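Q: Please read through the structure below; I'll follow up with questions.
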Amino acid sequence: MDSKDSTLVEQRPAVLPPGAVSRRRNRFTRIATPYLLLMPAAFLYAVFIVYPIFRQFDISFFNWHIFPDVANPFVGWSNYIRIFHDPAIRTASENTVLFLVITVPIQMVLGLFAAALLTDRLPGRGLWRALIFIPVVTSWVVVSYVFAYIFGFQGGLANAVISLFAGHTVRIDWLAQTWTGNAVIWIVSIWKGVGWSFIMFLAALDGVPRDLVESARVDGASEPRIWRHVVIPNIRPTITFVTVLLVIGASQVFTQVFITTGGGPFGSTSVLLTYAYQQAFSFFNFSYAAAIASLMAIVVLGLSILQIRLMRRNVDQ
């Protein structure tokens, strides 16, 4: 064979073994199928979540109007600067922080206490678990209207009960006063949200090794010491997870405030989201509302990053 023939032989493409093409096709299908299934959800997420977020940041730097023929002049950081000089923002921020500080610890304590009680084989354990969790799956709108009726000024159940024990007619305008209105918001939020903490802690307590608990009891450790040195260290990642998610959720409180008090009286029970909503849809100040929402988004993002770091630290420990 001469050199020309040998060159042709060397350049001849390699023949794939039988079944190699089908294996490659199956591998491609296996890899591509999850992405194809995720595409509809990813498209909806991009259209209804990602784009509005970026559009919101864009609007916050303009004096934006809803009418198409009106000019939208660029105002830079003026909307953000206004936030730090607005006394109503200060009130809304204080109410948001106060809501967070009061509702988050109470939800965690009540959820952990209920989970500890219902971990053991108590009579009717399944029924009690269902009763505690039912408020979680109930609509916020329905729950808020029910509590608005309970604490109503005329015909409210709360005033009827107080009048029954007081022996005379008592009429307290719960939702028209600052502290009682805030208290109603806290109560409805705790009542509805404690079931979620309960489920999280219940799952965590079921994962605590029983042999460690029994060994501690055999050694004569008291229940508080068992919880401090055995149970709490084992459920610490769940505690961190629940705490951060509750904080993020509390910073975005809206529905129960909007329905029960509407932010009144005179904005004294408003929170950041209800104030932003009022600016956008009552005063048509969309740019200022977008700036408030954008700043809140940055705060929530910071809390999310904090959550990831705390969870990683707990895992490493």
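Identifiers in the structure tokens: chain A, B, ... in order shown; residue index from 1 per chain; ligand index from 1 in order shown.
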Which residues are close to A:Leu117, i.e. within 12 Å by only C-alpha atoms, leaving aside same-chain residues fewer than 5 positions away? Reply as an mmCIF file with C-alpha atoms, in the first residue's frame.
A:
data_model
loop_
_atom_site.group_PDB
_atom_site.id
_atom_site.type_symbol
_atom_site.label_atom_id
_atom_site.label_comp_id
_atom_site.auth_asym_id
_atom_site.auth_seq_id
_atom_site.Cartn_x
_atom_site.Cartn_y
_atom_site.Cartn_z
ATOM 1 C CA LEU A 110 -45.965 28.585 70.964
ATOM 2 C CA GLY A 111 -45.047 26.418 67.969
ATOM 3 C CA LEU A 112 -42.197 24.716 69.819
ATOM 4 C CA LEU A 122 -51.201 11.744 73.472
ATOM 5 C CA PRO A 123 -54.905 10.916 72.994
ATOM 6 C CA GLY A 124 -56.276 12.704 69.941
ATOM 7 C CA ARG A 125 -52.826 13.757 68.822
ATOM 8 C CA TRP A 128 -54.881 18.492 67.732
ATOM 9 C CA ARG A 129 -52.234 18.628 65.024
ATOM 10 C CA PHE A 198 -45.498 24.026 64.873
ATOM 11 C CA PHE A 201 -40.612 22.036 64.966
ATOM 12 C CA LEU A 202 -42.681 18.861 64.985
ATOM 13 C CA LEU A 205 -38.341 16.925 67.120
#
Q: List as JSON, numbers by chain the protein and nucleic acid residues near stretch 284-286 of chain A, meaning an atom at most 12 Å away when only C-alpha atoms are counted, but skip any in the same chain fewer than 2 places from it.
A: {"A": [55, 56, 57, 58, 59, 60, 61, 62, 63, 64, 65, 66, 67, 72, 79, 275, 276, 277, 278, 279, 280, 281, 282, 288, 289, 290, 291, 292, 293, 294]}
Q: What would the file look like if the residues just selected were written as a PDB file, in the first residue's frame with C-alpha atoms?
A:
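The resulting file, result-v4.pdb, is shown below:
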ATOM      1  CA  ARG A  55     -39.248  47.382  36.283  1.00  0.00           C
ATOM      2  CA  GLN A  56     -39.908  48.502  39.841  1.00  0.00           C
ATOM      3  CA  PHE A  57     -36.281  49.577  40.292  1.00  0.00           C
ATOM      4  CA  ASP A  58     -36.459  51.397  36.955  1.00  0.00           C
ATOM      5  CA  ILE A  59     -39.618  53.309  37.880  1.00  0.00           C
ATOM      6  CA  SER A  60     -38.151  54.382  41.231  1.00  0.00           C
ATOM      7  CA  PHE A  61     -35.615  56.616  39.448  1.00  0.00           C
ATOM      8  CA  PHE A  62     -38.273  58.517  37.486  1.00  0.00           C
ATOM      9  CA  ASN A  63     -41.260  60.695  38.226  1.00  0.00           C
ATOM     10  CA  TRP A  64     -43.400  58.050  36.587  1.00  0.00           C
ATOM     11  CA  HIS A  65     -47.025  58.573  35.569  1.00  0.00           C
ATOM     12  CA  ILE A  66     -49.600  56.009  34.627  1.00  0.00           C
ATOM     13  CA  PHE A  67     -50.815  57.983  31.609  1.00  0.00           C
ATOM     14  CA  ASN A  72     -41.648  60.698  32.933  1.00  0.00           C
ATOM     15  CA  ASN A  79     -37.359  59.241  45.770  1.00  0.00           C
ATOM     16  CA  TYR A 275     -48.001  52.802  53.069  1.00  0.00           C
ATOM     17  CA  ALA A 276     -46.400  51.977  49.709  1.00  0.00           C
ATOM     18  CA  TYR A 277     -49.769  50.680  48.462  1.00  0.00           C
ATOM     19  CA  GLN A 278     -51.458  53.890  49.597  1.00  0.00           C
ATOM     20  CA  GLN A 279     -48.867  56.018  47.825  1.00  0.00           C
ATOM     21  CA  ALA A 280     -49.293  54.060  44.598  1.00  0.00           C
ATOM     22  CA  PHE A 281     -53.042  53.529  44.356  1.00  0.00           C
ATOM     23  CA  SER A 282     -54.492  56.350  46.455  1.00  0.00           C
ATOM     24  CA  TYR A 288     -42.186  56.833  45.475  1.00  0.00           C
ATOM     25  CA  ALA A 289     -44.019  53.564  46.125  1.00  0.00           C
ATOM     26  CA  ALA A 290     -41.554  51.764  43.844  1.00  0.00           C
ATOM     27  CA  ALA A 291     -38.652  53.261  45.781  1.00  0.00           C
ATOM     28  CA  ILE A 292     -40.134  52.012  49.070  1.00  0.00           C
ATOM     29  CA  ALA A 293     -40.699  48.544  47.635  1.00  0.00           C
ATOM     30  CA  SER A 294     -37.198  48.478  46.119  1.00  0.00           C
TER      31      SER A 294
END
Q: Which residue, A:Ile190, A:Val109, A:Ala148, A:Ile49, has the smallest gap to A:Leu175 when you use only C-alpha atoms?
A: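 Under the stated criterion, the closest residue is A:Ala148.
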Q: Identify, with DSSP run on backbone atoms, the residues in stretch 73-150 of chain A assigned to helix (DSSP H, G or I), and express the list as JSON, numbers by chain.
A: {"A": [78, 79, 80, 81, 82, 83, 87, 88, 89, 90, 91, 92, 93, 94, 95, 96, 97, 98, 99, 100, 101, 102, 103, 104, 105, 106, 107, 108, 109, 110, 111, 112, 113, 114, 115, 116, 117, 118, 119, 125, 126, 127, 128, 129, 130, 131, 132, 133, 134, 135, 136, 137, 140, 141, 142, 143, 144, 145, 146, 147, 148, 149, 150]}
Q: In terms of the shortest atom-to-atom distance over only C-alpha atoms, which of A:Arg217, A:Ala176, A:Phe48, A:Thr238 is closest to A:Phe266?
A: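 Of all the options, A:Ala176 lies closest to A:Phe266.
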Q: Which residue gives the smallest distance to A:Leu303 among A:Val184, A:Ile172, A:Ala88, A:Ala250, with only C-alpha atoms counted?
A: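 Between A:Val184, A:Ile172, A:Ala88, A:Ala250, the residue approaching A:Leu303 most closely is A:Ala250.
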Q: Write out as a ChimeraX atom specification which residues come within 7 Å of A:Asn95 when counting only C-alpha atoms, dropping same-chain ones fewer than 6 positions away.
A: /A:269-271
Q: Let's have the selection written as an mmCIF file, in the first residue's frame, with C-alpha atoms.
A:
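See again-v9.cif below for the written result:
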data_model
loop_
_atom_site.group_PDB
_atom_site.id
_atom_site.type_symbol
_atom_site.label_atom_id
_atom_site.label_comp_id
_atom_site.auth_asym_id
_atom_site.auth_seq_id
_atom_site.Cartn_x
_atom_site.Cartn_y
_atom_site.Cartn_z
ATOM 1 C CA THR A 269 -51.111 51.307 62.376
ATOM 2 C CA SER A 270 -49.734 51.353 58.837
ATOM 3 C CA VAL A 271 -46.725 49.270 57.875
#
Q: What separation in Å, quoted to one decimal, exists between atom CA of A:Thr103 and atom CA of A:Gly181?
A: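 So the two atoms, atom CA of A:Thr103 and atom CA of A:Gly181, lie 14.5 Å apart.
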Q: Have a look at A:Val143, A:Ala114, A:Ile248, A:Ala216 and name the one nearest to A:Ile298; count only C-alpha atoms.
A: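 Among A:Val143, A:Ala114, A:Ile248, A:Ala216, it is A:Ile248 that comes nearest to A:Ile298.
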Q: Can you pull out the residues contacting stretch 161-163 of chain A? Cut-off 12 Å, using only C-alpha atoms, and skip same-chain residues under 6 positions away; I want them as number ranges by chain.
A: A: 150-151, 155, 169-172
Q: Based on the selection just made, write C-alpha atoms of those residues as an mmCIF file, in the first residue's frame.
A:
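Resulting contents of again37.cif:
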data_model
loop_
_atom_site.group_PDB
_atom_site.id
_atom_site.type_symbol
_atom_site.label_atom_id
_atom_site.label_comp_id
_atom_site.auth_asym_id
_atom_site.auth_seq_id
_atom_site.Cartn_x
_atom_site.Cartn_y
_atom_site.Cartn_z
ATOM 1 C CA ILE A 150 -64.771 39.772 66.136
ATOM 2 C CA PHE A 151 -63.224 43.091 67.176
ATOM 3 C CA GLY A 155 -71.881 43.760 67.226
ATOM 4 C CA THR A 169 -72.600 47.204 77.756
ATOM 5 C CA VAL A 170 -68.996 47.798 76.768
ATOM 6 C CA ARG A 171 -68.080 49.218 73.401
ATOM 7 C CA ILE A 172 -64.403 49.454 72.583
#
Q: Would you compute the distance between atom CA of A:Ile89 and atom CA of A:Thr240? Give it in Å to one decimal.
A: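 Distance between the two atoms: 29.2 Å.
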Q: Could you check how far atom CA of A:Pro73 sits from atom CA of A:Thr274, in Å to one decimal?
A: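 Answer for the atom CA of A:Pro73 to atom CA of A:Thr274 separation: 26.0 Å.
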Q: Got a sec: who's within 10 Å of A:Val188, counting only C-alpha atoms, leaving out chain neighbours fewer than 4 positions off, as a PyMOL selection string?
A: chain A and resi 103+135+140+143-144+146-148+183-184+192-193+256-257+260
